[in-house]
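J.: Provided below: entry_27.txt, containing compact mmCIF, C-alpha atoms.
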```txt
# COMPACT_ATOMS: atom_id res chain seq x y z
CA MET A 16 1.63 2.66 -30.49
CA ILE A 17 3.40 -0.71 -30.27
CA ASN A 18 5.39 0.46 -27.25
CA ARG A 19 2.21 1.59 -25.54
CA THR A 20 0.52 -1.72 -26.30
CA VAL A 21 3.46 -3.64 -24.87
CA GLY A 22 3.47 -1.37 -21.84
CA ILE A 23 -0.23 -1.89 -21.22
CA LEU A 24 0.08 -5.66 -21.56
CA LEU A 25 3.02 -5.72 -19.17
CA LEU A 26 1.19 -3.58 -16.67
CA LEU A 27 -1.85 -5.80 -16.99
CA ALA A 28 0.22 -8.91 -16.42
CA VAL A 29 2.06 -7.37 -13.50
CA SER A 30 -1.11 -6.06 -11.87
CA LEU A 31 -2.97 -9.31 -12.07
CA ALA A 32 -0.01 -11.35 -10.99
CA GLY A 33 1.16 -9.54 -7.95
CA THR A 34 -0.29 -6.59 -6.25
CA SER A 35 -3.28 -4.13 -6.52
CA SER A 36 -9.90 -1.92 -4.98
CA GLY A 37 -11.36 0.84 -3.59
CA GLN A 38 -9.75 3.84 -5.15
CA PRO A 39 -11.56 5.83 -7.89
CA VAL A 40 -10.84 4.74 -11.44
CA ALA A 41 -11.24 8.02 -13.33
CA THR A 42 -7.93 9.05 -14.84
CA LEU A 43 -5.81 11.97 -13.68
CA ASP A 44 -3.88 14.40 -15.79
CA SER A 45 -0.12 14.35 -15.66
CA GLY A 46 1.22 15.83 -12.44
CA GLU A 47 -2.10 15.65 -10.58
CA THR A 48 -2.08 13.94 -7.19
CA GLU A 49 -5.14 12.95 -5.19
CA ALA A 50 -5.41 11.62 -1.65
CA GLY A 51 -8.58 10.56 0.09
CA TYR A 52 -10.81 7.94 1.63
CA ALA A 53 -12.71 5.27 -0.28
CA HIS A 54 -15.38 2.79 0.83
CA ARG A 55 -16.70 -0.08 -1.28
CA TRP A 56 -19.50 -2.52 -0.52
CA TYR A 57 -19.17 -6.03 -1.92
CA GLU A 58 -21.75 -8.75 -2.45
CA ARG A 59 -20.70 -11.94 -4.22
CA ASP A 60 -21.56 -15.61 -4.49
CA LEU A 61 -18.42 -17.50 -3.55
CA GLU A 62 -18.60 -21.12 -4.63
CA GLY A 63 -17.23 -23.50 -2.03
CA HIS A 64 -17.65 -21.03 0.82
CA PRO A 65 -20.83 -21.58 2.86
CA PRO A 66 -22.86 -19.46 3.05
CA GLN A 67 -22.43 -18.96 -0.65
CA GLN A 68 -23.74 -15.41 -0.69
CA ASN A 69 -21.26 -13.11 1.03
CA GLN A 70 -21.25 -9.45 1.83
CA TRP A 71 -18.31 -7.44 3.01
CA GLU A 72 -16.93 -3.95 2.73
CA THR A 73 -13.56 -2.32 2.63
CA ALA A 74 -12.40 1.10 3.67
CA ALA A 75 -9.05 2.51 2.75
CA LEU A 76 -7.04 5.65 2.38
CA TYR A 77 -5.72 6.10 -1.11
CA LEU A 78 -3.08 8.06 -2.97
CA ARG A 79 -3.24 8.52 -6.76
CA ARG A 80 -0.89 10.16 -9.22
CA GLY A 81 -1.23 10.94 -12.91
CA ALA A 82 1.82 10.75 -15.14
CA PHE A 83 2.90 10.84 -18.76
CA GLY A 84 -0.55 11.97 -19.87
CA TRP A 85 -1.78 8.38 -19.98
CA LEU A 86 -1.01 6.67 -16.68
CA THR A 87 -2.65 6.95 -13.25
CA LEU A 88 -1.11 4.97 -10.41
CA ALA A 89 -2.97 4.28 -7.16
CA LEU A 90 -2.06 2.85 -3.78
CA GLU A 91 -4.50 2.16 -0.96
CA GLY A 92 -4.13 0.95 2.58
CA GLY A 93 -5.81 0.85 5.94
CA LEU A 94 -5.39 -0.31 9.54
CA TRP A 95 -8.68 -0.69 11.38
CA ASN A 96 -10.34 -2.38 14.31
CA VAL A 97 -13.68 -3.79 13.15
CA ASP A 98 -16.56 -5.54 14.93
CA ASN A 99 -16.04 -9.17 15.82
CA GLU A 100 -19.31 -11.07 16.17
CA ALA A 101 -17.53 -13.88 17.98
CA ASP A 102 -16.18 -11.64 20.73
CA PRO A 103 -17.33 -7.99 20.88
CA ASP A 104 -14.58 -7.19 23.35
CA ARG A 105 -11.83 -8.29 20.98
CA PRO A 106 -12.37 -6.68 17.58
CA TYR A 107 -10.80 -7.90 14.39
CA ARG A 108 -7.57 -6.21 13.43
CA ARG A 109 -7.99 -5.43 9.75
CA TYR A 110 -5.21 -4.86 7.24
CA VAL A 111 -6.18 -3.45 3.84
CA VAL A 112 -3.58 -3.27 1.11
CA GLY A 113 -4.21 -2.56 -2.56
CA GLY A 114 -3.31 -0.65 -5.62
CA GLY A 115 -4.02 -0.22 -9.26
CA VAL A 116 -3.41 1.51 -12.53
CA SER A 117 -5.67 3.38 -14.91
CA ILE A 118 -4.48 3.87 -18.47
CA ARG A 119 -5.79 6.21 -21.09
CA VAL A 120 -5.68 4.12 -24.21
CA TRP A 121 -7.19 6.58 -26.65
CA ARG A 122 -8.33 10.17 -26.55
CA TYR A 123 -10.79 11.92 -28.83
CA ARG A 124 -11.72 15.50 -28.05
CA ASP A 125 -13.21 15.44 -24.53
CA PHE A 126 -13.56 11.66 -24.42
CA ASN A 127 -11.06 9.14 -23.02
CA LEU A 128 -11.09 5.42 -23.62
CA ALA A 129 -9.39 3.97 -20.55
CA ALA A 130 -8.69 0.71 -18.79
CA ALA A 131 -8.26 0.22 -15.05
CA PHE A 132 -6.78 -2.70 -13.15
CA GLN A 133 -7.13 -2.97 -9.38
CA PHE A 134 -6.09 -5.33 -6.63
CA SER A 135 -6.88 -5.38 -2.95
CA GLN A 136 -6.48 -7.83 -0.13
CA VAL A 137 -8.15 -7.59 3.28
CA GLN A 138 -6.92 -9.66 6.20
CA ASP A 139 -9.04 -9.79 9.34
CA TYR A 140 -7.16 -11.17 12.30
CA ASP A 141 -9.41 -12.49 15.06
CA PRO A 142 -7.62 -12.29 18.42
CA SER A 143 -10.45 -14.08 20.23
CA GLU A 144 -10.45 -17.76 21.11
CA ALA A 145 -12.62 -18.46 18.07
CA HIS A 146 -9.84 -17.58 15.61
CA PHE A 147 -12.31 -16.84 12.86
CA HIS A 148 -9.70 -15.16 10.70
CA LYS A 149 -10.92 -13.99 7.32
CA ARG A 150 -9.27 -12.93 4.10
CA THR A 151 -10.71 -11.57 0.89
CA THR A 152 -8.79 -10.92 -2.31
CA SER A 153 -10.26 -8.85 -5.10
CA LEU A 154 -9.03 -8.43 -8.65
CA ALA A 155 -10.88 -6.10 -10.94
CA SER A 156 -10.43 -4.67 -14.39
CA GLN A 157 -12.59 -2.20 -16.19
CA VAL A 158 -12.66 -0.76 -19.71
CA PHE A 159 -14.60 2.46 -19.83
CA ILE A 160 -15.24 5.72 -21.64
CA GLU A 161 -15.01 8.88 -19.59
CA ARG A 162 -15.76 12.48 -20.31
CA ALA A 163 -15.02 15.54 -18.23
CA PHE A 164 -17.19 18.66 -18.16
CA HIS A 165 -15.52 21.83 -16.92
CA ARG A 166 -17.11 24.96 -15.51
CA GLY A 167 -14.78 27.49 -13.96
CA ARG A 168 -12.98 25.91 -11.03
CA HIS A 169 -15.30 22.94 -10.98
CA ALA A 170 -15.43 19.82 -13.11
CA LEU A 171 -17.53 16.71 -13.44
CA THR A 172 -16.32 13.44 -14.96
CA VAL A 173 -18.77 10.73 -15.95
CA LEU A 174 -17.73 7.25 -17.01
CA GLY A 175 -19.27 3.99 -18.06
CA GLY A 176 -18.06 0.68 -19.39
CA ILE A 177 -17.63 -3.01 -18.84
CA ALA A 178 -16.15 -4.59 -15.73
CA PHE A 179 -14.51 -7.83 -14.72
CA ALA A 180 -14.23 -8.65 -11.02
CA SER A 181 -12.91 -11.81 -9.42
CA ASP A 182 -13.20 -12.23 -5.65
CA THR A 183 -11.88 -14.90 -3.35
CA GLY A 184 -12.93 -15.31 0.27
CA ARG A 185 -11.34 -17.43 2.97
CA THR A 186 -12.61 -18.16 6.48
CA TYR A 187 -10.54 -20.09 9.00
CA LEU A 188 -12.13 -22.77 11.15
CA TRP A 189 -12.29 -22.81 14.94
CA GLY A 190 -8.87 -23.14 16.49
CA THR A 191 -7.11 -24.50 13.42
CA GLN A 192 -5.36 -23.24 10.37
CA GLU A 193 -7.78 -25.09 8.13
CA TYR A 194 -10.06 -22.89 6.13
CA LEU A 195 -12.95 -22.75 3.72
CA GLU A 196 -12.28 -20.90 0.54
CA GLY A 197 -14.70 -19.79 -2.15
CA GLU A 198 -14.28 -18.04 -5.44
CA SER A 199 -16.67 -15.99 -7.52
CA SER A 200 -17.59 -17.32 -10.96
CA ASP A 201 -20.00 -14.78 -12.44
CA ASN A 202 -17.36 -12.14 -12.96
CA VAL A 203 -18.44 -9.95 -15.88
CA GLY A 204 -20.62 -6.90 -15.54
CA ALA A 205 -20.77 -3.17 -16.02
CA THR A 206 -19.54 -0.04 -14.32
CA VAL A 207 -20.79 3.55 -14.21
CA GLY A 208 -19.41 6.41 -12.21
CA VAL A 209 -19.31 10.10 -11.62
CA GLU A 210 -16.55 12.16 -10.06
CA GLY A 211 -16.84 15.81 -9.19
CA ILE A 212 -14.17 18.32 -8.27
CA VAL A 213 -15.01 21.69 -6.77
CA PHE A 214 -12.74 24.70 -6.31
CA ASP A 215 -9.97 22.82 -8.12
CA HIS A 216 -9.16 20.68 -5.11
CA PHE A 217 -12.04 18.86 -3.40
CA THR A 218 -13.28 15.66 -4.98
CA ALA A 219 -16.14 13.25 -4.44
CA ALA A 220 -16.71 10.12 -6.48
CA PHE A 221 -19.46 7.54 -6.76
CA ASN A 222 -19.00 4.36 -8.70
CA LEU A 223 -21.46 1.55 -9.18
CA ARG A 224 -20.05 -1.70 -10.43
CA TYR A 225 -22.61 -4.35 -11.23
CA VAL A 226 -21.01 -7.75 -11.30
CA GLU A 227 -23.48 -10.41 -10.14
CA TYR A 228 -24.79 -7.89 -7.58
CA PRO A 229 -24.50 -4.12 -7.28
CA GLN A 230 -21.27 -3.03 -5.63
CA PRO A 231 -21.30 0.68 -4.90
CA GLN A 232 -18.32 2.77 -3.94
CA LEU A 233 -17.95 6.20 -2.44
CA ALA A 234 -14.77 8.23 -2.23
CA ILE A 235 -13.86 11.69 -1.06
CA GLY A 236 -10.50 13.30 -1.53
CA VAL A 237 -8.29 16.28 -2.08
CA ARG A 238 -6.52 16.88 -5.37
CA PHE A 239 -3.26 18.78 -5.48
CA MET B 16 14.89 2.87 -23.60
CA TYR B 17 13.24 5.42 -21.40
CA ARG B 18 9.86 3.67 -21.70
CA ALA B 19 11.54 0.35 -20.87
CA ALA B 20 12.98 1.87 -17.69
CA VAL B 21 9.56 3.20 -16.75
CA ILE B 22 7.92 -0.18 -17.29
CA LEU B 23 10.70 -2.00 -15.41
CA ILE B 24 10.34 0.16 -12.32
CA LEU B 25 6.56 -0.03 -12.44
CA ALA B 26 6.86 -3.78 -12.70
CA LEU B 27 9.18 -3.84 -9.68
CA THR B 28 6.79 -1.58 -7.81
CA LEU B 29 3.63 -3.47 -8.58
CA GLY B 30 5.10 -6.93 -8.52
CA ALA B 31 7.26 -6.92 -5.43
CA GLY B 32 6.70 -10.04 -3.43
CA ALA B 33 6.94 -9.21 0.24
CA SER B 34 7.87 -6.42 2.53
CA ARG B 35 8.56 -4.05 5.46
CA ALA B 36 9.94 -0.75 4.36
CA GLU B 37 10.70 2.66 5.66
CA VAL B 38 10.54 5.87 3.76
CA VAL B 39 12.89 8.35 5.36
CA GLY B 40 14.88 10.23 2.73
CA PRO B 41 15.52 13.65 1.27
CA LEU B 42 12.71 16.20 1.28
CA LEU B 43 10.89 16.49 -2.02
CA ALA B 44 10.02 19.72 -3.76
CA ALA B 45 6.34 20.67 -3.89
CA LYS B 46 4.30 18.32 -6.11
CA GLU B 47 7.17 15.90 -6.73
CA PHE B 48 6.04 12.30 -6.52
CA GLU B 49 8.09 9.14 -6.27
CA VAL B 50 6.95 5.54 -6.29
CA GLY B 51 9.24 2.57 -5.96
CA VAL B 52 10.42 -0.37 -3.95
CA GLN B 53 12.62 -0.48 -0.89
CA TYR B 54 14.73 -3.27 0.53
CA ARG B 55 15.46 -3.07 4.23
CA GLN B 56 17.34 -4.93 6.87
CA THR B 57 16.02 -4.93 10.41
CA ARG B 58 18.52 -6.03 13.04
CA ARG B 59 17.61 -5.27 16.63
CA ASN B 60 18.38 -6.50 20.11
CA PHE B 61 15.47 -6.89 22.47
CA SER B 62 15.46 -5.22 25.86
CA GLU B 63 13.87 -7.89 28.05
CA SER B 64 15.53 -10.95 26.61
CA GLU B 65 18.86 -12.00 25.20
CA SER B 66 17.37 -12.63 21.81
CA GLY B 67 16.95 -10.26 18.94
CA ILE B 68 15.64 -10.13 15.45
CA SER B 69 17.35 -10.09 12.08
CA ILE B 70 15.12 -9.93 9.06
CA ALA B 71 15.11 -8.42 5.60
CA ASP B 72 12.17 -7.34 3.57
CA ALA B 73 10.95 -5.19 0.71
CA GLY B 74 7.95 -2.97 0.21
CA VAL B 75 6.23 -0.60 -2.16
CA THR B 76 6.84 3.00 -1.22
CA ALA B 77 5.48 6.35 -2.38
CA ARG B 78 6.61 9.83 -1.42
CA TYR B 79 4.94 13.13 -2.28
CA GLY B 80 5.96 16.73 -1.75
CA LEU B 81 2.74 18.09 -0.25
CA THR B 82 4.28 21.54 -0.16
CA GLY B 83 7.83 22.76 -0.32
CA LEU B 84 7.92 22.27 3.45
CA THR B 85 6.44 18.81 3.91
CA THR B 86 6.91 15.40 2.33
CA LEU B 87 4.32 12.67 2.84
CA SER B 88 5.41 9.05 2.64
CA VAL B 89 3.52 5.78 2.59
CA GLU B 90 4.52 2.14 2.42
CA LEU B 91 2.39 -0.88 1.62
CA MET B 92 2.64 -4.57 0.91
CA ALA B 93 0.58 -7.72 0.88
CA GLY B 94 2.09 -10.99 -0.17
CA PRO B 95 3.94 -14.13 0.86
CA ASP B 96 6.62 -13.44 3.45
CA ILE B 97 9.35 -14.66 1.15
CA MET B 98 12.13 -12.41 2.35
CA ARG B 99 12.49 -14.04 5.77
CA SER B 100 14.82 -16.89 6.36
CA PRO B 101 12.92 -20.19 6.14
CA ASP B 102 15.34 -21.67 8.67
CA ASP B 103 13.04 -20.63 11.48
CA TYR B 104 10.46 -23.22 10.68
CA ASP B 105 10.30 -26.55 8.93
CA SER B 106 7.43 -25.44 6.81
CA TYR B 107 7.29 -21.71 6.29
CA ASP B 108 4.07 -20.41 4.75
CA HIS B 109 3.26 -16.96 5.96
CA GLN B 110 1.35 -14.03 4.51
CA TYR B 111 2.79 -10.60 5.08
CA TYR B 112 1.00 -7.25 5.37
CA LEU B 113 2.47 -3.80 5.80
CA VAL B 114 0.81 -0.41 6.17
CA GLY B 115 2.80 2.67 7.11
CA ALA B 116 2.90 6.42 6.71
CA GLY B 117 5.07 9.32 7.70
CA LEU B 118 5.67 13.02 7.39
CA GLN B 119 8.87 15.01 7.03
CA MET B 120 8.94 18.76 7.67
CA LYS B 121 11.52 21.31 6.66
CA MET B 122 12.91 23.25 9.60
CA LEU B 123 15.72 25.28 8.08
CA GLN B 124 17.26 25.99 4.68
CA ARG B 125 20.51 27.74 3.90
CA ALA B 126 21.50 27.51 0.22
CA ALA B 127 22.01 23.81 -0.52
CA PHE B 128 21.67 22.74 3.10
CA THR B 129 18.32 21.74 4.57
CA ALA B 130 17.42 20.52 8.02
CA HIS B 131 14.26 18.51 8.44
CA PHE B 132 12.34 16.56 11.03
CA GLY B 133 10.47 13.37 10.24
CA ILE B 134 8.26 10.85 11.95
CA HIS B 135 7.12 7.56 10.51
CA TYR B 136 4.82 4.82 11.81
CA ALA B 137 4.44 1.40 10.27
CA GLU B 138 2.59 -1.73 11.31
CA SER B 139 3.17 -5.10 9.77
CA PHE B 140 1.44 -8.38 10.36
CA VAL B 141 2.71 -11.84 9.62
CA PHE B 142 -0.13 -14.30 9.31
CA SER B 143 0.95 -17.90 9.75
CA ASN B 144 -0.65 -20.42 7.44
CA THR B 145 1.09 -23.25 9.26
CA GLU B 146 0.01 -25.27 12.26
CA ASP B 147 2.28 -23.41 14.67
CA GLN B 148 0.07 -20.34 14.19
CA ARG B 149 2.89 -17.99 15.01
CA HIS B 150 1.12 -14.82 13.99
CA ARG B 151 3.17 -11.77 14.72
CA LYS B 152 2.47 -8.07 14.71
CA GLN B 153 5.35 -5.68 14.34
CA ARG B 154 5.19 -1.97 14.97
CA ARG B 155 7.85 0.63 14.48
CA VAL B 156 8.20 4.33 15.09
CA ASP B 157 11.08 6.27 13.57
CA ILE B 158 11.77 9.86 14.55
CA VAL B 159 14.61 11.53 12.68
CA LEU B 160 16.24 14.93 12.71
CA ALA B 161 18.42 15.11 9.60
CA GLY B 162 20.58 17.51 7.70
CA GLN B 163 20.52 17.27 3.92
CA TYR B 164 22.98 18.68 1.41
CA ASP B 165 22.13 18.79 -2.29
CA ILE B 166 24.95 18.58 -4.80
CA ALA B 167 24.79 19.18 -8.55
CA LEU B 168 26.92 16.47 -10.13
CA GLY B 169 27.35 16.27 -13.88
CA GLY B 170 23.95 17.70 -14.54
CA GLN B 171 22.33 15.37 -12.01
CA TRP B 172 21.37 15.90 -8.40
CA VAL B 173 22.73 13.99 -5.48
CA SER B 174 21.49 14.47 -1.93
CA VAL B 175 23.34 13.30 1.14
CA PHE B 176 21.56 13.24 4.45
CA ALA B 177 22.44 12.29 7.99
CA GLY B 178 21.30 12.89 11.50
CA PRO B 179 20.30 11.47 14.84
CA GLY B 180 17.13 9.49 15.30
CA TYR B 181 14.99 7.40 17.60
CA PHE B 182 14.08 3.99 16.22
CA PHE B 183 11.57 1.89 18.14
CA PHE B 184 10.58 -1.63 17.22
CA ARG B 185 8.08 -3.92 18.95
CA GLN B 186 7.04 -7.43 18.04
CA ASP B 187 3.86 -8.94 19.51
CA TYR B 188 3.39 -12.68 19.57
CA LEU B 189 -0.34 -12.87 19.06
CA PRO B 190 -2.70 -14.87 21.27
CA ASP B 191 -2.73 -18.11 19.34
CA ALA B 192 1.02 -18.35 19.05
CA GLU B 193 3.20 -20.44 21.28
CA ARG B 194 4.27 -17.37 23.21
CA ARG B 195 0.72 -16.41 23.96
CA GLY B 196 0.25 -12.69 24.24
CA THR B 197 3.88 -11.76 24.89
CA TYR B 198 6.02 -9.23 23.10
CA ASP B 199 9.54 -7.99 22.65
CA GLU B 200 10.69 -4.41 22.39
CA SER B 201 13.92 -3.08 20.99
CA GLU B 202 16.70 -1.68 23.11
CA ASP B 203 19.28 0.92 22.07
CA ASN B 204 16.61 2.96 20.30
CA ARG B 205 18.71 6.08 20.01
CA GLY B 206 20.96 6.12 16.98
CA GLY B 207 21.29 7.75 13.62
CA ILE B 208 20.68 7.56 9.91
CA ALA B 209 22.89 8.44 6.97
CA GLY B 210 22.25 8.05 3.29
CA VAL B 211 22.69 9.22 -0.25
CA SER B 212 20.05 9.68 -2.90
CA GLY B 213 20.63 10.36 -6.59
CA LEU B 214 18.38 11.32 -9.46
CA ILE B 215 19.41 9.60 -12.68
CA GLY B 216 18.06 11.23 -15.76
CA ARG B 217 14.74 12.87 -15.11
CA HIS B 218 12.88 10.07 -13.45
CA VAL B 219 14.94 7.33 -11.78
CA VAL B 220 15.93 7.78 -8.13
CA ILE B 221 18.32 5.45 -6.32
CA GLN B 222 18.87 5.71 -2.59
CA PHE B 223 21.09 3.92 -0.13
CA SER B 224 21.00 4.51 3.59
CA ALA B 225 22.04 2.97 6.86
CA VAL B 226 20.49 3.18 10.28
CA TYR B 227 22.43 2.53 13.44
CA ALA B 228 20.35 1.65 16.49
CA GLY B 229 22.40 -0.79 18.49
CA LEU B 230 23.17 -2.64 15.26
CA LEU B 231 23.80 -1.47 11.72
CA GLN B 232 20.95 -1.88 9.25
CA GLY B 233 21.13 -1.21 5.53
CA ARG B 234 18.44 -0.03 3.15
CA ALA B 235 18.20 0.47 -0.60
CA MET B 236 15.46 1.99 -2.66
CA VAL B 237 14.81 2.48 -6.36
CA SER B 238 12.00 4.78 -7.37
CA LEU B 239 10.42 6.44 -10.33
CA ARG B 240 9.84 10.16 -10.07
CA LEU B 241 6.57 10.95 -11.87
```
Before anything else, please render the file you have as structure tokens.
T.:
Amino acid sequence: MINRTVGILLLLAVSLAGTSSGQPVATLDSGETEAGYAHRWYERDLEGHPPQQNQWETAALYLRRGAFGWLTLALEGGLWNVDNEADPDRPYRRYVVGGGVSIRVWRYRDFNLAAAFQFSQVQDYDPSEAHFHKRTTSLASQVFIERAFHRGRHALTVLGGIAFASDTGRTYLWGTQEYLEGESSDNVGATVGVEGIVFDHFTAAFNLRYVEYPQPQLAIGVRF
Amino acid sequence: MYRAAVILILALTLGAGASRAEVVGPLLAAKEFEVGVQYRQTRRNFSESESGISIADAGVTARYGLTGLTTLSVELMAGPDIMRSPDDYDSYDHQYYLVGAGLQMKMLQRAAFTAHFGIHYAESFVFSNTEDQRHRKQRRVDIVLAGQYDIALGGQWVSVFAGPGYFFFRQDYLPDAERRGTYDESEDNRGGIAGVSGLIGRHVVIQFSAVYAGLLQGRAMVSLRL
């Protein structure tokens, strides 16, 4: 128990310090691997970043793996061209990099008490003369209870709990490397989600995190 | 001890600072999964100029045996570009991004010998936070045909692999840099790769490899097999 506590604290410290939010948070069993596509919509008030109310979204491909009966590791990434309001002919080049861990802390019958820590960073490079580069960094942690219901080759997992999400947004000013940066302050909320798997392999997940504003997420994937 | 090793490698994986990795290695068995960090040198001569590039970097990597015939690999990183020499600039403050993926496919197996073909694409982006605004985009394509031999050694497995390959590298100097809109491409793209990979215990994988494409470039990777 002490070893697990130390492990969880180290993982928490490592996750928040360095890397790791779009991938599903429901835990995987040991040896299960899931790959898919996730899309999350964000809306946050970022103090110091006019306009204060900001909306953005991220899309990423993800890869998750369950191990040891208590750990689920996730990586997510994406390379996209997205609309550039400053110059429609020269879209933003978007880099999405993130990852996270979900940890089953305690198990009782069909219920899991779990914690998830996620990180993602999105860099939008603006190749137009305006140079309106943008960067958002998201850190999130969630403590939740999940339960899986099985029926033949299909299963449904529901989860709910509390959530912490901290977001930082940066926008560069015309032609310079100076930027405006804002950070969220109302960072505590709640999360609910449902993840279904059909025919043992095909998954779809919906997660609604309410931190200041609703932030829904959709993901579809294949589990091996 | 075992748990400490697990936590150490996870810490290395999740906490690595900066990157640019490549994930060509031995084929994995079906459902095997590895996650780790890779250090890589990139030394290339450019075809249209007398200059070249010599950098080193590290990245988070994951490899998965989709089936017994195919291994999927990904590489990712976001963080300060701390692995590059700061000598290039007086004030070096750059953010580094890497996204890459590849696939290796088994072509032939005879006892402990396996031949496989792999292709890997990666794109990295260096965002300059300094006034020079030297943003750079780097793209690479690696195509490898390799032979792999698996050896049982003292209860552990060691795989050696080698073969010819095509290694392409291109660096774009993005529009707001001094070299507005220009790029460099590597020359001597045909070469080869050779390496050795060992499984220590049940979970720790260490791999060393070298690529020759005009110049010699070393790589090292430590992973956790989950």
J.: Excluding Gly208 in chain A and any residue of its chain fewer than 4 positions from it, enumerate the residues within 6 Å of it, using all atoms listed in the file, and give them as a list of chain:residue names.
T.: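 Near neighbours after the sequence-gap exclusion: A:Val173, A:Leu174, A:Phe221, A:Asn222.
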J.: Restricting the calculation to all atoms listed in the file, which member of B:Thr82, B:Gly210, B:Asn60, B:Thr129 is positioned closest to Phe183 in chain B?
T.: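 Selected residue with least distance to Phe183 in chain B: B:Asn60.
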J.: May I ask for the distance between CA of Ser153 in chain A and CA of Ile70 in chain B, given in Å to one decimal place?
T.: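 Rounded to one decimal, the two atoms are 29.1 Å apart.
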J.: Would you pick out the contacts of Arg224 in chain A at 9 Å or less, using all atoms listed in the file, so that residues sharing its chain but fewer than 4 positions from it are not included, and give the list as a list in words?
T.: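 Listed by chain and then number, they are Ile177, Ala178, Gly204, Ala205, Thr206, Val207, Gly208, Tyr228, Pro229, Gln230, Pro231 and Gln232 of chain A.
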J.: In terms of the shortest atom-to-atom distance over all atoms listed in the file, which of B:Ser212, B:Gln119, B:Gln232, B:Gln110 is closest to chain A?
T.: B:Gln110
J.: Pick the closest to Tyr136 in chain B from A:Leu94, A:Leu188, A:Val137, A:Leu76: which is it, counting only C-alpha atoms?
T.: A:Leu94
J.: Missing atoms in range 151-165 of chain B: fill them in up to N, CA and C atoms and send the result as a compact mmCIF listing (two decimals), in the coordinates of the input.
T.:
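out_27.txt was written with the following content:
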```txt
# COMPACT_ATOMS: atom_id res chain seq x y z
N ARG B 151 2.40 -12.82 14.06
CA ARG B 151 3.17 -11.77 14.72
C ARG B 151 2.79 -10.40 14.19
N LYS B 152 2.71 -9.46 15.09
CA LYS B 152 2.47 -8.07 14.71
C LYS B 152 3.70 -7.27 15.06
N GLN B 153 4.15 -6.48 14.12
CA GLN B 153 5.35 -5.68 14.34
C GLN B 153 5.03 -4.21 14.13
N ARG B 154 5.43 -3.40 15.08
CA ARG B 154 5.19 -1.97 14.97
C ARG B 154 6.51 -1.23 15.12
N ARG B 155 6.62 -0.15 14.37
CA ARG B 155 7.85 0.63 14.48
C ARG B 155 7.52 2.12 14.39
N VAL B 156 8.28 2.87 15.15
CA VAL B 156 8.20 4.33 15.09
C VAL B 156 9.60 4.86 14.88
N ASP B 157 9.79 5.64 13.84
CA ASP B 157 11.08 6.27 13.57
C ASP B 157 10.91 7.78 13.67
N ILE B 158 11.76 8.39 14.44
CA ILE B 158 11.77 9.86 14.55
C ILE B 158 13.19 10.32 14.20
N VAL B 159 13.29 11.17 13.20
CA VAL B 159 14.61 11.53 12.68
C VAL B 159 14.73 13.04 12.55
N LEU B 160 15.88 13.54 12.95
CA LEU B 160 16.24 14.93 12.71
C LEU B 160 17.46 14.89 11.81
N ALA B 161 17.33 15.34 10.56
CA ALA B 161 18.42 15.11 9.60
C ALA B 161 18.82 16.40 8.90
N GLY B 162 20.09 16.45 8.57
CA GLY B 162 20.58 17.51 7.70
C GLY B 162 20.76 16.95 6.31
N GLN B 163 20.45 17.74 5.31
CA GLN B 163 20.52 17.27 3.92
C GLN B 163 21.30 18.29 3.11
N TYR B 164 22.21 17.79 2.27
CA TYR B 164 22.98 18.68 1.41
C TYR B 164 22.81 18.22 -0.03
N ASP B 165 22.38 19.13 -0.89
CA ASP B 165 22.13 18.79 -2.29
C ASP B 165 23.31 19.23 -3.15
```
